[in-house]
file structure-v5.txt (compact mmCIF, C-alpha atoms)
# COMPACT_ATOMS: atom_id res chain seq x y z
CA ASN A 181 -22.51 12.94 -57.73
CA GLN A 182 -20.90 9.79 -59.15
CA ILE A 183 -18.80 11.73 -61.66
CA TRP A 184 -16.95 13.46 -58.82
CA ALA A 185 -16.44 10.17 -56.90
CA SER A 186 -12.88 9.73 -58.20
CA GLU A 187 -10.34 11.35 -60.48
CA VAL A 188 -10.78 8.51 -62.96
CA SER A 189 -14.56 8.99 -63.22
CA LEU A 190 -14.17 12.79 -63.40
CA TRP A 191 -11.66 12.67 -66.26
CA ASN A 192 -13.56 9.86 -68.02
CA ASP A 193 -16.59 12.15 -68.07
CA ALA A 194 -14.52 15.10 -69.31
CA LEU A 195 -13.06 12.91 -72.05
CA LYS A 196 -16.54 11.77 -73.18
CA LYS A 197 -17.60 15.40 -73.46
CA SER A 198 -14.39 16.55 -75.20
CA PRO A 199 -12.85 13.54 -77.00
CA GLN A 200 -10.45 15.60 -79.13
CA LYS A 201 -9.00 17.64 -76.28
CA VAL A 202 -5.67 16.46 -74.94
CA ARG A 203 -5.99 17.76 -71.35
CA PRO A 204 -8.66 15.24 -70.22
CA VAL A 205 -6.65 12.41 -71.79
CA ILE A 206 -3.47 13.42 -69.94
CA ASN A 207 -5.34 13.89 -66.66
CA LEU A 208 -7.04 10.51 -67.07
CA ALA A 209 -3.64 8.90 -67.68
CA GLN A 210 -2.28 10.59 -64.53
CA ALA A 211 -5.31 9.40 -62.52
CA HIS A 212 -4.73 5.82 -63.70
CA THR A 213 -1.03 6.12 -62.79
CA LYS A 214 -1.93 7.23 -59.25
CA LYS A 215 -4.24 4.23 -58.89
CA GLY A 216 -1.56 1.84 -60.16
CA ASN A 217 -3.40 1.06 -63.41
CA PHE A 218 -0.22 1.37 -65.45
CA ASP A 219 -1.43 -0.37 -68.60
CA LEU A 220 -4.42 1.99 -68.81
CA ALA A 221 -2.19 4.96 -68.03
CA ILE A 222 0.10 3.99 -70.92
CA GLU A 223 -2.89 3.59 -73.22
CA TYR A 224 -4.14 7.11 -72.42
CA TYR A 225 -0.70 8.71 -72.59
CA GLU A 226 -0.25 7.12 -76.02
CA LYS A 227 -3.60 8.59 -77.07
CA ALA A 228 -2.47 11.99 -75.74
CA LEU A 229 0.76 11.65 -77.70
CA ASP A 230 -1.26 11.00 -80.87
CA LEU A 231 -3.34 14.13 -80.20
CA ASN A 232 -0.30 16.32 -79.51
CA PRO A 233 3.26 14.96 -79.42
CA ASN A 234 4.71 18.24 -78.10
CA ILE A 235 3.49 18.21 -74.51
CA PHE A 236 6.15 17.82 -71.85
CA ALA A 237 4.03 15.92 -69.30
CA THR A 238 3.00 13.30 -71.83
CA ASN A 239 6.54 12.63 -73.00
CA TYR A 240 8.03 12.65 -69.50
CA ASN A 241 5.37 10.54 -67.79
CA LEU A 242 4.99 8.03 -70.62
CA GLY A 243 8.78 7.79 -70.88
CA ASN A 244 8.94 6.92 -67.19
CA LEU A 245 6.19 4.33 -67.52
CA TYR A 246 7.89 2.74 -70.51
CA PHE A 247 11.11 2.41 -68.50
CA GLU A 248 9.29 0.84 -65.59
CA ARG A 249 7.69 -1.62 -68.01
CA GLY A 250 10.96 -2.57 -69.71
CA ARG A 251 10.53 -0.52 -72.89
CA GLU A 252 13.88 1.22 -72.47
CA GLU A 253 14.41 2.55 -76.00
CA ASP A 254 10.87 3.98 -76.22
CA GLY A 255 11.27 5.54 -72.78
CA LEU A 256 14.62 7.07 -73.66
CA ARG A 257 13.25 8.57 -76.88
CA LEU A 258 10.34 10.18 -75.03
CA LEU A 259 12.52 11.54 -72.24
CA GLN A 260 14.88 13.05 -74.82
CA THR A 261 11.85 14.70 -76.41
CA ALA A 262 10.71 15.97 -73.00
CA ALA A 263 14.17 17.51 -72.47
CA LEU A 264 13.86 19.30 -75.82
CA ILE A 265 10.36 20.59 -75.05
CA ARG A 266 11.28 21.91 -71.59
CA PRO A 267 15.07 21.99 -71.33
CA LYS A 268 15.15 23.61 -67.89
CA ILE A 269 13.51 20.78 -65.93
CA PRO A 270 16.32 19.30 -63.81
CA GLU A 271 14.51 16.03 -63.10
CA THR A 272 14.43 15.20 -66.81
CA HIS A 273 18.18 15.68 -67.12
CA GLY A 274 18.77 13.82 -63.86
CA LEU A 275 16.75 10.86 -65.08
CA LEU A 276 18.46 10.87 -68.46
CA GLY A 277 21.81 10.98 -66.65
CA GLU A 278 20.85 7.96 -64.54
CA ILE A 279 19.73 6.04 -67.61
CA TYR A 280 22.91 6.80 -69.53
CA LEU A 281 24.99 5.91 -66.47
CA LYS A 282 23.28 2.51 -66.24
CA ARG A 283 23.97 2.03 -69.95
CA LYS A 284 27.62 3.04 -69.39
CA GLN A 285 27.28 5.94 -71.83
CA ILE A 286 29.42 8.06 -69.55
CA GLU A 287 29.76 11.22 -71.65
CA LEU A 288 26.00 11.52 -72.09
CA ALA A 289 25.42 10.72 -68.42
CA GLU A 290 27.90 13.38 -67.34
CA PHE A 291 26.36 15.95 -69.71
CA HIS A 292 22.82 15.47 -68.41
CA LEU A 293 23.78 15.23 -64.75
CA LYS A 294 25.84 18.42 -64.97
CA ARG A 295 22.92 20.11 -66.72
CA ALA A 296 20.60 19.00 -63.90
CA VAL A 297 22.96 20.47 -61.28
CA GLU A 298 23.35 23.71 -63.27
CA ILE A 299 19.58 24.14 -63.25
CA LYS A 300 19.12 22.97 -59.66
CA PRO A 301 22.33 23.41 -57.62
CA ASP A 302 20.94 21.46 -54.66
CA TYR A 303 20.08 18.34 -56.68
CA ALA A 304 21.72 15.77 -54.39
CA LEU A 305 20.96 12.68 -56.48
CA SER A 306 22.58 14.14 -59.59
CA MET A 307 25.62 15.24 -57.57
CA ARG A 308 25.94 11.74 -56.13
CA ASN A 309 25.72 10.24 -59.61
CA LEU A 310 28.37 12.67 -60.85
CA GLY A 311 30.55 11.48 -57.98
CA LEU A 312 30.07 7.90 -59.16
CA ILE A 313 31.02 8.86 -62.70
CA TYR A 314 34.16 10.69 -61.61
CA TYR A 315 35.26 8.00 -59.19
CA PHE A 316 34.48 4.76 -61.02
CA HIS A 317 34.52 5.75 -64.69
CA LEU A 318 36.69 8.83 -65.16
CA LYS A 319 39.13 7.87 -62.38
CA LYS A 320 39.20 11.40 -60.95
CA PRO A 321 38.85 10.82 -57.21
CA GLU A 322 39.28 14.45 -56.10
CA GLU A 323 36.41 15.61 -58.32
CA ALA A 324 34.37 12.61 -57.16
CA ALA A 325 34.94 13.56 -53.50
CA ALA A 326 33.80 17.12 -54.22
CA TYR A 327 30.54 15.91 -55.80
CA PHE A 328 29.98 13.35 -53.04
CA SER A 329 30.56 16.00 -50.36
CA ARG A 330 28.15 18.42 -52.04
CA ALA A 331 25.53 15.68 -52.31
CA LEU A 332 25.83 14.88 -48.61
CA SER A 333 25.73 18.54 -47.58
CA VAL A 334 22.41 18.89 -49.41
CA ASP A 335 20.92 15.58 -48.23
CA PRO A 336 22.91 13.91 -45.43
CA ASN A 337 20.36 11.10 -45.08
CA GLN A 338 20.08 10.15 -48.73
CA LYS A 339 20.10 6.59 -49.96
CA GLN A 340 23.64 5.17 -49.82
CA ALA A 341 24.84 8.04 -47.56
CA ASP A 342 27.02 5.70 -45.49
CA ASN A 343 28.63 4.27 -48.62
CA ILE A 344 29.30 7.77 -49.91
CA ARG A 345 30.95 8.76 -46.61
CA ALA A 346 33.12 5.63 -46.77
CA LEU A 347 34.18 6.49 -50.34
CA ILE A 348 35.06 10.04 -49.31
CA LYS A 349 37.26 8.68 -46.48
CA LYS A 350 38.92 6.27 -48.89
CA ILE A 351 39.60 9.07 -51.38
CA LYS A 352 41.06 11.33 -48.69
CA LYS A 353 43.41 8.54 -47.58
CA GLN A 354 44.50 8.01 -51.19
CA ILE A 355 45.16 11.72 -51.63
CA ARG A 356 47.22 11.92 -48.41
CA ARG A 357 49.39 8.98 -49.56
CA GLN A 358 50.25 10.71 -52.81
call {"tool": "encode", "arguments": {"input": "structure-v5.txt", "output": "structure tokens"}}
result
Amino acid sequence: NQIWASEVSLWNDALKKSPQKVRPVINLAQAHTKKGNFDLAIEYYEKALDLNPNIFATNYNLGNLYFERGREEDGLRLLQTAALIRPKIPETHGLLGEIYLKRKQIELAEFHLKRAVEIKPDYALSMRNLGLIYYFHLKKPEEAAAYFSRALSVDPNQKQADNIRALIKKIKKQIRRQ
């Protein structure tokens, strides 16, 4: 059956049969995302948002796509909405923390990254980013070393692991000299 040949054809068919239902629209957007058809994915997520603006997956996924396409403010707005809809999803807070860190909005970054770690204590990326905040922005090397160490204990092979180890050594030397 041709309809079952791919996710895109399956959800296209479902959408034709139920054009006012949001689920086929979201699933079609996700299918296009998987295939790398990002412009079509955005188009369908926007349609899903028009049908129901209060669905976590739509806000989160469209927010991510907007960021990847350079629409930072739109992406940020949608991710903030996603965090309000489902406040206990650590990845949303982790992503918001990363975005705010890149924008040098340190208080907001710290808030969201700490929230992510509260929800998911083994969230290595958020712990690493907290280490960066405490070391480079808040100038609190001992707290930074604690976050870096926790991040490495959870994921010793993470991206930048060697740099993190070097920073921890540097911090320990600084502390011993004091």
call {"tool": "closest_residue", "arguments": {"input": "structure-v5.txt", "among": "A:Gly216, A:Gly255, A:Pro267, A:Pro301", "to": "A:Gly243", "atoms": "all atoms listed in the file"}}
result
A:Gly255
call {"tool": "closest_atom_pairs", "arguments": {"input": "structure-v5.txt", "of": "stretch 218-268 of chain A", "to": "stretch 191-199 of chain A", "cutoff": "12 Å", "atoms": "all atoms listed in the file", "output": "CSV"}}
result
residue,atom,partner,partner_atom,distance
A:Tyr224,CA,A:Leu195,CA,10.6
A:Lys227,CA,A:Pro199,CA,10.5
A:Ala228,CA,A:Pro199,CA,10.6
A:Leu231,CA,A:Pro199,CA,10.1
call {"tool": "closest_residue", "arguments": {"input": "structure-v5.txt", "among": "A:Ile279, A:Pro270, A:Pro321, A:Thr238", "to": "A:Glu253", "atoms": "all atoms listed in the file"}}
result
A:Ile279
call {"tool": "residues_around", "arguments": {"input": "structure-v5.txt", "residues": "A:Ser189", "least_positions_apart": "4", "cutoff": "12 Å", "atoms": "only C-alpha atoms", "output": "PyMOL selection string"}}
result
chain A and resi 181-185+193-196+204+207-209+211-212
call {"tool": "residues_around", "arguments": {"input": "structure-v5.txt", "residues": "A:Phe247", "least_positions_apart": "5", "cutoff": "12 Å", "atoms": "only C-alpha atoms", "output": "list of chain:residue names"}}
result
A:Phe218, A:Ile222, A:Tyr240, A:Asn241, A:Leu242, A:Glu252, A:Glu253, A:Asp254, A:Gly255, A:Leu256, A:Arg257, A:Leu258, A:Leu259, A:Leu275, A:Leu276, A:Glu278, A:Ile279
call {"tool": "closest_residue", "arguments": {"input": "structure-v5.txt", "among": "A:Glu298, A:Glu287, A:Asp219, A:Glu323", "to": "A:Ile351", "atoms": "only C-alpha atoms"}}
result
A:Glu323
call {"tool": "residues_near_point", "arguments": {"input": "structure-v5.txt", "point": "(17.0, 13.7, -66.3)", "cutoff": "12 Å", "atoms": "all atoms listed in the file", "output": "compact mmCIF listing (two decimals) with C-alpha atoms, keeping the file's coordinate frame"}}
result
# COMPACT_ATOMS: atom_id res chain seq x y z
CA TYR A 240 8.03 12.65 -69.50
CA GLY A 243 8.78 7.79 -70.88
CA ASN A 244 8.94 6.92 -67.19
CA GLY A 255 11.27 5.54 -72.78
CA LEU A 256 14.62 7.07 -73.66
CA LEU A 258 10.34 10.18 -75.03
CA LEU A 259 12.52 11.54 -72.24
CA GLN A 260 14.88 13.05 -74.82
CA THR A 261 11.85 14.70 -76.41
CA ALA A 262 10.71 15.97 -73.00
CA ALA A 263 14.17 17.51 -72.47
CA LEU A 264 13.86 19.30 -75.82
CA ARG A 266 11.28 21.91 -71.59
CA PRO A 267 15.07 21.99 -71.33
CA LYS A 268 15.15 23.61 -67.89
CA ILE A 269 13.51 20.78 -65.93
CA PRO A 270 16.32 19.30 -63.81
CA GLU A 271 14.51 16.03 -63.10
CA THR A 272 14.43 15.20 -66.81
CA HIS A 273 18.18 15.68 -67.12
CA GLY A 274 18.77 13.82 -63.86
CA LEU A 275 16.75 10.86 -65.08
CA LEU A 276 18.46 10.87 -68.46
CA GLY A 277 21.81 10.98 -66.65
CA GLU A 278 20.85 7.96 -64.54
CA ILE A 279 19.73 6.04 -67.61
CA TYR A 280 22.91 6.80 -69.53
CA LEU A 281 24.99 5.91 -66.47
CA LEU A 288 26.00 11.52 -72.09
CA ALA A 289 25.42 10.72 -68.42
CA GLU A 290 27.90 13.38 -67.34
CA PHE A 291 26.36 15.95 -69.71
CA HIS A 292 22.82 15.47 -68.41
CA LEU A 293 23.78 15.23 -64.75
CA LYS A 294 25.84 18.42 -64.97
CA ARG A 295 22.92 20.11 -66.72
CA ALA A 296 20.60 19.00 -63.90
CA VAL A 297 22.96 20.47 -61.28
CA ILE A 299 19.58 24.14 -63.25
CA LYS A 300 19.12 22.97 -59.66
CA TYR A 303 20.08 18.34 -56.68
CA LEU A 305 20.96 12.68 -56.48
CA SER A 306 22.58 14.14 -59.59
CA ASN A 309 25.72 10.24 -59.61
call {"tool": "atom_distance", "arguments": {"input": "structure-v5.txt", "atom1": "atom CA of A:Arg249", "atom2": "atom CA of A:Ala341"}}
result
28.4 Å
call {"tool": "closest_residue", "arguments": {"input": "structure-v5.txt", "among": "A:Leu220, A:Val205, A:Val188, A:Asn343", "to": "A:Ala237", "atoms": "only C-alpha atoms"}}
result
A:Val205
call {"tool": "atom_distance", "arguments": {"input": "structure-v5.txt", "atom1": "atom CA of A:Asn239", "atom2": "atom CA of A:Val334"}}
result
29.1 Å
call {"tool": "atom_distance", "arguments": {"input": "structure-v5.txt", "atom1": "atom CA of A:Leu332", "atom2": "atom CA of A:Lys350"}}
result
15.7 Å
call {"tool": "residues_near_point", "arguments": {"input": "structure-v5.txt", "point": "(35.4, 8.4, -48.9)", "cutoff": "10 Å", "atoms": "all atoms listed in the file", "output": "list in words"}}
result
Pro321, Ala324, Ala325, Phe328, Ser329, Asp342, Asn343, Ile344, Arg345, Ala346, Leu347, Ile348, Lys349, Lys350, Ile351, Lys352, Lys353 and Gln354 of chain A
call {"tool": "closest_residue", "arguments": {"input": "structure-v5.txt", "among": "A:Leu245, A:Ile235, A:Met307, A:Leu318", "to": "A:Ser333", "atoms": "all atoms listed in the file"}}
result
A:Met307
call {"tool": "closest_residue", "arguments": {"input": "structure-v5.txt", "among": "A:Lys319, A:Arg203, A:Arg357, A:Arg251", "to": "A:Leu229", "atoms": "only C-alpha atoms"}}
result
A:Arg203
